[in-house]
Structures are given as structure tokens and as C-alpha cells.
Amino acid sequence: MLVILSGVSGSGKDTIKKALISKLDNVESLPSYTSRAPREGEVPGQIYNFVSKEEFEKMISNNEFYEYNVHHENYYGTSRVLMNEKIKEGKVIVKDIDVNGTENLVKLLGNDTKVVTIFLKVPKDVLEKRLLNRMGDKPDYKEITLRLNRYDYENSRIGMYDYVIKNNDLDKSINVITEIINSELKTENPEF
């Protein structure tokens with residue numbers, strides 16, 4: 001089963017994904033490939049596989065992605081090989097993807113793989129505070145503006161998601177998503 005977490009940058013996708021992985025036994029992350037530089041503290045291969053723009057474009061030409069997109073001037077994509085390996089192992093894959101990537105993956109995998117989509121909704125003013133906090137002492141206002149400008153577009157696509165969660169309380173959101181995963185697993189593998 002693939003669980004997709006979406007929401008604007010700063011909505012809590014990565015934090016929730018890490019919590020789910022530590023809380024649930026059969027849940028794993030599927031690192032995306034990206035052409036952006038690693039942020040401080042990011043370990044290659046955990047959340048992202050970092051490659052150059054040229055390497056990413058070569059991977060595109062070799063049809064190595066289920067989906068890819070340009071987001072905030074950087075490439076992001078989902079590896080066919082990594083995804084197929086995890087699915088064959090019977091893992092619950094939790095992946096954070098933007099709204100365009102979600103739509104593409106649902107179309108590509110929807111008939112063969114159970115896909116559960118969750119959108120994390122955050123008020124715009126809370127989002128701005130989170131983005132400022134994330135950047136620490138030297139906020140990049142151009143980057144913050146770029147991410148806030150995407151807010152309305154991302155929220156306009158909420159209708160395609162199975163679940164929409166207002167992420168005002170992190171612990172509550174993690175508990176709700178845990179219940180969603182457990183419930184969806186039961187419907188995928190019902191016991192009579």
C-alpha cells in the first residue's frame with residue numbers, strides 16, 4: 001500500500017512521515033530523487049536522493065521515474081525501481097509528494113496498488129511562521145514567497161484526496177493518520 005502525504009511546504013509532511021515510520025512496524029519511506037542541494041542535517045538516501053540537474057535529466061530520458069515535477073525550481077521524482085522493490089516486499093510506503101505528483105501516481109498505480117491520499121491543510125499565516133522558523137537566523141524571503149505563492153494552487157486540488165487533515169496539532173494529526181493507515185490495511189486485507 002502507498003500512503004501519499006501532500007500539502008504545501010511547511011505543512012508537516014516530513015515530520016509526520018518520520019513519526020509514522022517510528023510508530024508503525026511495516027511502514028517505510030520512499031526517498032524521492034531531487035536536484036536541489038541538501039539542507040543542513042539531511043542525510044542522502046533517507047528523505048531524498050540528491051543528484052545534479054544533469055543526472056536528473058538523464059534519469060528522465062531513461063524513463064526511470066513514475067512521476068517527476070519541477071517544484072520551487074528543482075526537480076523531484078519517484079523512482080520506478082525503488083517503488084517496485086518496496087511494493088514487492090509488502091511494505092506500507094509513506095511518501096510526500098506535491099499535488100501534481102499525487103495525481104500522476106494515482107493514475108499510474110491506482111489499478112495495481114492500493115493508494116491512500118492524505119492532504120495536510122495548514123492556515124497560511126501558520127505556514128508562513130513555520131517557513132520562517134525552518135530557515136532560522138537567515139530567512140530567504142524569496143524562497144518563502146515562492147512557497148506561499150503555491151498555497152492557493154495546492155489547496156485548490158484538495159478534492160482529489162481521500163482524506164484532508166487540518167494539521168494544527170501534530171500529535172493529533174499523527175494519531176489520526178495512524179488510524180487511517182490501520183483502517184485502510186484492514187480493508188485491503190479483510191479478515192472474516
# chains A, B, ... in the order shown; residues from 1 in each chain; ligands from 1
$ closest_atom_pairs --of "region 106-158 of chain A" --to "region 162-167 of chain A" --cutoff "6 Å" --atoms "only C-alpha atoms" --output "Markdown table"
| residue | atom | partner | partner_atom | distance |
| --- | --- | --- | --- | --- |
| A:Thr117 | CA | A:Asp162 | CA | 5.2 |
| A:Ile118 | CA | A:Tyr163 | CA | 4.7 |
| A:Phe119 | CA | A:Val164 | CA | 4.7 |
| A:Leu120 | CA | A:Ile165 | CA | 5.0 |
| A:Lys121 | CA | A:Lys166 | CA | 4.7 |
| A:Val122 | CA | A:Asn167 | CA | 5.7 |
$ residues_around --residues "Tyr75 (chain A)" --least-positions-apart "4" --cutoff "8 Å" --atoms "only C-alpha atoms" --output "PDB file with N, CA and C atoms, in the first residue's frame"
ATOM      1  N   TYR A  33      13.902  11.414  -5.533  1.00  0.00           N
ATOM      2  CA  TYR A  33      15.116  11.981  -6.130  1.00  0.00           C
ATOM      3  C   TYR A  33      14.873  13.472  -6.296  1.00  0.00           C
ATOM      4  N   THR A  34      15.901  14.261  -6.080  1.00  0.00           N
ATOM      5  CA  THR A  34      15.780  15.704  -6.277  1.00  0.00           C
ATOM      6  C   THR A  34      17.087  16.287  -6.775  1.00  0.00           C
ATOM      7  N   SER A  35      16.945  17.397  -7.494  1.00  0.00           N
ATOM      8  CA  SER A  35      18.126  18.121  -7.982  1.00  0.00           C
ATOM      9  C   SER A  35      18.503  19.264  -7.036  1.00  0.00           C
ATOM     10  N   ARG A  36      17.747  19.436  -5.959  1.00  0.00           N
ATOM     11  CA  ARG A  36      18.090  20.513  -5.032  1.00  0.00           C
ATOM     12  C   ARG A  36      19.231  20.079  -4.126  1.00  0.00           C
ATOM     13  N   LYS A  53      21.224  18.391 -11.545  1.00  0.00           N
ATOM     14  CA  LYS A  53      20.167  18.621 -12.534  1.00  0.00           C
ATOM     15  C   LYS A  53      20.429  17.776 -13.780  1.00  0.00           C
ATOM     16  N   PHE A  56      19.572  14.166 -13.074  1.00  0.00           N
ATOM     17  CA  PHE A  56      18.125  14.003 -13.031  1.00  0.00           C
ATOM     18  C   PHE A  56      17.564  13.958 -14.450  1.00  0.00           C
ATOM     19  N   TYR A  68       7.596  12.822 -12.134  1.00  0.00           N
ATOM     20  CA  TYR A  68       8.564  13.841 -11.720  1.00  0.00           C
ATOM     21  C   TYR A  68       7.950  15.195 -11.993  1.00  0.00           C
ATOM     22  N   ASN A  69       8.501  16.196 -11.332  1.00  0.00           N
ATOM     23  CA  ASN A  69       7.941  17.524 -11.446  1.00  0.00           C
ATOM     24  C   ASN A  69       9.027  18.538 -11.108  1.00  0.00           C
ATOM     25  N   VAL A  70       8.839  19.749 -11.579  1.00  0.00           N
ATOM     26  CA  VAL A  70       9.690  20.855 -11.163  1.00  0.00           C
ATOM     27  C   VAL A  70       8.911  21.614 -10.111  1.00  0.00           C
ATOM     28  N   HIS A  71       9.525  21.739  -8.935  1.00  0.00           N
ATOM     29  CA  HIS A  71       8.851  22.359  -7.797  1.00  0.00           C
ATOM     30  C   HIS A  71       9.853  23.293  -7.147  1.00  0.00           C
TER      31      HIS A  71
END
$ residues_around --residues "region 76-86 of chain A" --least-positions-apart "2" --cutoff "10 Å" --atoms "only C-alpha atoms" --output "number ranges by chain"
A: 1-2, 28-36, 48-50, 56, 59-60, 63-74, 88-93, 95, 97-98, 101, 105
$ atom_distance --atom1 "CA of Ile144 (chain A)" --atom2 "CA of Asn100 (chain A)"
20.3 Å
$ closest_residue --among "A:Met160, A:Leu127, A:Leu185, A:Val43" --to "Glu103 (chain A)" --atoms "only C-alpha atoms"
A:Met160
$ atom_distance --atom1 "CA of Thr178 (chain A)" --atom2 "CA of Glu154 (chain A)"
23.4 Å
$ select_by_dssp --residues "chain A" --states "helix (DSSP H, G or I)" --output "PyMOL selection string"
chain A and resi 13-23+53-61+80-88+99-109+124-135+141-149+151-156+158-160+170-188
$ residues_around --residues "Leu170 (chain A)" --least-positions-apart "3" --cutoff "10 Å" --atoms "only C-alpha atoms" --output "list in words"
Gly12, Thr15, Ile16, Ala19, Lys166, Asn167, Ser173, Ile174, Asn175 and Val176 of chain A
$ write_last_selection --atoms "N, CA and C atoms" --output "tab-separated table (two decimals), in the first residue's frame"
chain	number	residue	atom	x	y	z
A	12	GLY	N	4.00	20.00	7.38
A	12	GLY	CA	4.31	18.95	8.34
A	12	GLY	C	4.47	17.56	7.74
A	15	THR	N	7.73	15.67	8.96
A	15	THR	CA	7.67	15.38	10.40
A	15	THR	C	6.69	14.23	10.67
A	16	ILE	N	5.54	14.27	10.03
A	16	ILE	CA	4.54	13.22	10.21
A	16	ILE	C	5.04	11.91	9.64
A	19	ALA	N	7.42	10.31	12.04
A	19	ALA	CA	6.70	9.79	13.21
A	19	ALA	C	6.00	8.48	12.88
A	166	LYS	N	-6.59	18.77	8.96
A	166	LYS	CA	-6.16	20.09	9.40
A	166	LYS	C	-5.03	19.88	10.40
A	167	ASN	N	-3.82	20.20	10.01
A	167	ASN	CA	-2.65	19.90	10.84
A	167	ASN	C	-2.32	21.06	11.79
A	173	SER	N	-2.68	14.86	14.63
A	173	SER	CA	-2.59	14.51	13.21
A	173	SER	C	-1.92	13.15	13.02
A	174	ILE	N	-0.85	12.90	13.76
A	174	ILE	CA	-0.15	11.61	13.67
A	174	ILE	C	-1.08	10.48	14.08
A	175	ASN	N	-1.84	10.66	15.16
A	175	ASN	CA	-2.77	9.63	15.62
A	175	ASN	C	-3.88	9.37	14.60
A	176	VAL	N	-4.41	10.43	14.02
A	176	VAL	CA	-5.47	10.28	13.01
A	176	VAL	C	-4.93	9.53	11.79
$ atom_distance --atom1 "CA of Glu143 (chain A)" --atom2 "CA of Gly10 (chain A)"
12.1 Å
$ decode --residues "region 97-176 of chain A" --atoms "C-alpha atoms" --output "compact mmCIF listing (two decimals), in the first residue's frame"
# COMPACT_ATOMS: atom_id res chain seq x y z
CA ILE A 97 4.52 14.34 -2.97
CA ASP A 98 3.05 17.54 -4.34
CA VAL A 99 -0.46 17.61 -5.81
CA ASN A 100 0.70 17.08 -9.40
CA GLY A 101 2.80 14.07 -8.47
CA THR A 102 -0.09 12.65 -6.46
CA GLU A 103 -2.41 12.85 -9.44
CA ASN A 104 0.17 11.14 -11.67
CA LEU A 105 0.92 8.32 -9.21
CA VAL A 106 -2.76 7.61 -8.57
CA LYS A 107 -3.30 7.28 -12.34
CA LEU A 108 -0.24 5.07 -12.80
CA LEU A 109 -0.60 2.82 -9.73
CA GLY A 110 -4.28 3.02 -8.83
CA ASN A 111 -5.29 -0.22 -10.55
CA ASP A 112 -2.34 -2.31 -9.32
CA THR A 113 -1.53 -0.85 -5.90
CA LYS A 114 -3.73 0.42 -3.10
CA VAL A 115 -3.06 4.17 -2.93
CA VAL A 116 -4.33 6.25 0.00
CA THR A 117 -4.05 10.02 -0.41
CA ILE A 118 -3.92 12.47 2.52
CA PHE A 119 -3.72 16.25 2.26
CA LEU A 120 -2.35 18.21 5.22
CA LYS A 121 -4.07 21.57 5.47
CA VAL A 122 -2.48 24.45 7.36
CA PRO A 123 -3.65 28.10 7.61
CA LYS A 124 -1.49 30.44 5.51
CA ASP A 125 -0.33 32.54 8.48
CA VAL A 126 0.77 29.41 10.39
CA LEU A 127 2.56 28.20 7.28
CA GLU A 128 4.48 31.45 6.96
CA LYS A 129 5.63 31.20 10.59
CA ARG A 130 6.76 27.59 10.06
CA LEU A 131 8.74 28.54 6.96
CA LEU A 132 10.43 31.40 8.81
CA ASN A 133 11.29 29.10 11.73
CA ARG A 134 12.66 26.46 9.38
CA MET A 135 15.11 28.95 7.90
CA GLY A 136 16.48 30.10 11.26
CA ASP A 137 18.57 33.28 11.53
CA LYS A 138 18.84 33.93 7.79
CA PRO A 139 15.40 33.66 6.22
CA ASP A 140 15.29 33.62 2.43
CA TYR A 141 12.25 35.80 1.72
CA LYS A 142 12.33 34.98 -1.99
CA GLU A 143 12.06 31.27 -1.12
CA ILE A 144 9.26 31.91 1.41
CA THR A 145 7.32 33.99 -1.14
CA LEU A 146 7.77 31.26 -3.76
CA ARG A 147 6.37 28.65 -1.38
CA LEU A 148 3.49 30.85 -0.17
CA ASN A 149 2.51 31.64 -3.77
CA ARG A 150 1.88 27.93 -4.30
CA TYR A 151 -0.51 27.79 -1.32
CA ASP A 152 -3.73 28.58 -3.22
CA TYR A 153 -2.91 26.20 -6.08
CA GLU A 154 -2.16 23.28 -3.76
CA ASN A 155 -5.31 23.93 -1.71
CA SER A 156 -7.42 24.10 -4.87
CA ARG A 157 -6.58 20.42 -5.54
CA ILE A 158 -7.86 19.11 -2.19
CA GLY A 159 -10.89 17.48 -3.85
CA MET A 160 -8.80 14.65 -5.32
CA TYR A 161 -7.65 13.41 -1.88
CA ASP A 162 -9.17 10.58 0.13
CA TYR A 163 -8.56 12.43 3.41
CA VAL A 164 -7.94 16.07 4.36
CA ILE A 165 -6.41 16.69 7.77
CA LYS A 166 -6.16 20.09 9.40
CA ASN A 167 -2.65 19.90 10.84
CA ASN A 168 -2.96 22.28 13.80
CA ASP A 169 -1.92 19.70 16.40
CA LEU A 170 0.97 17.45 15.36
CA ASP A 171 0.29 14.61 17.82
CA LYS A 172 -3.39 14.53 16.95
CA SER A 173 -2.59 14.51 13.21
CA ILE A 174 -0.15 11.61 13.67
CA ASN A 175 -2.77 9.63 15.62
CA VAL A 176 -5.47 10.28 13.01
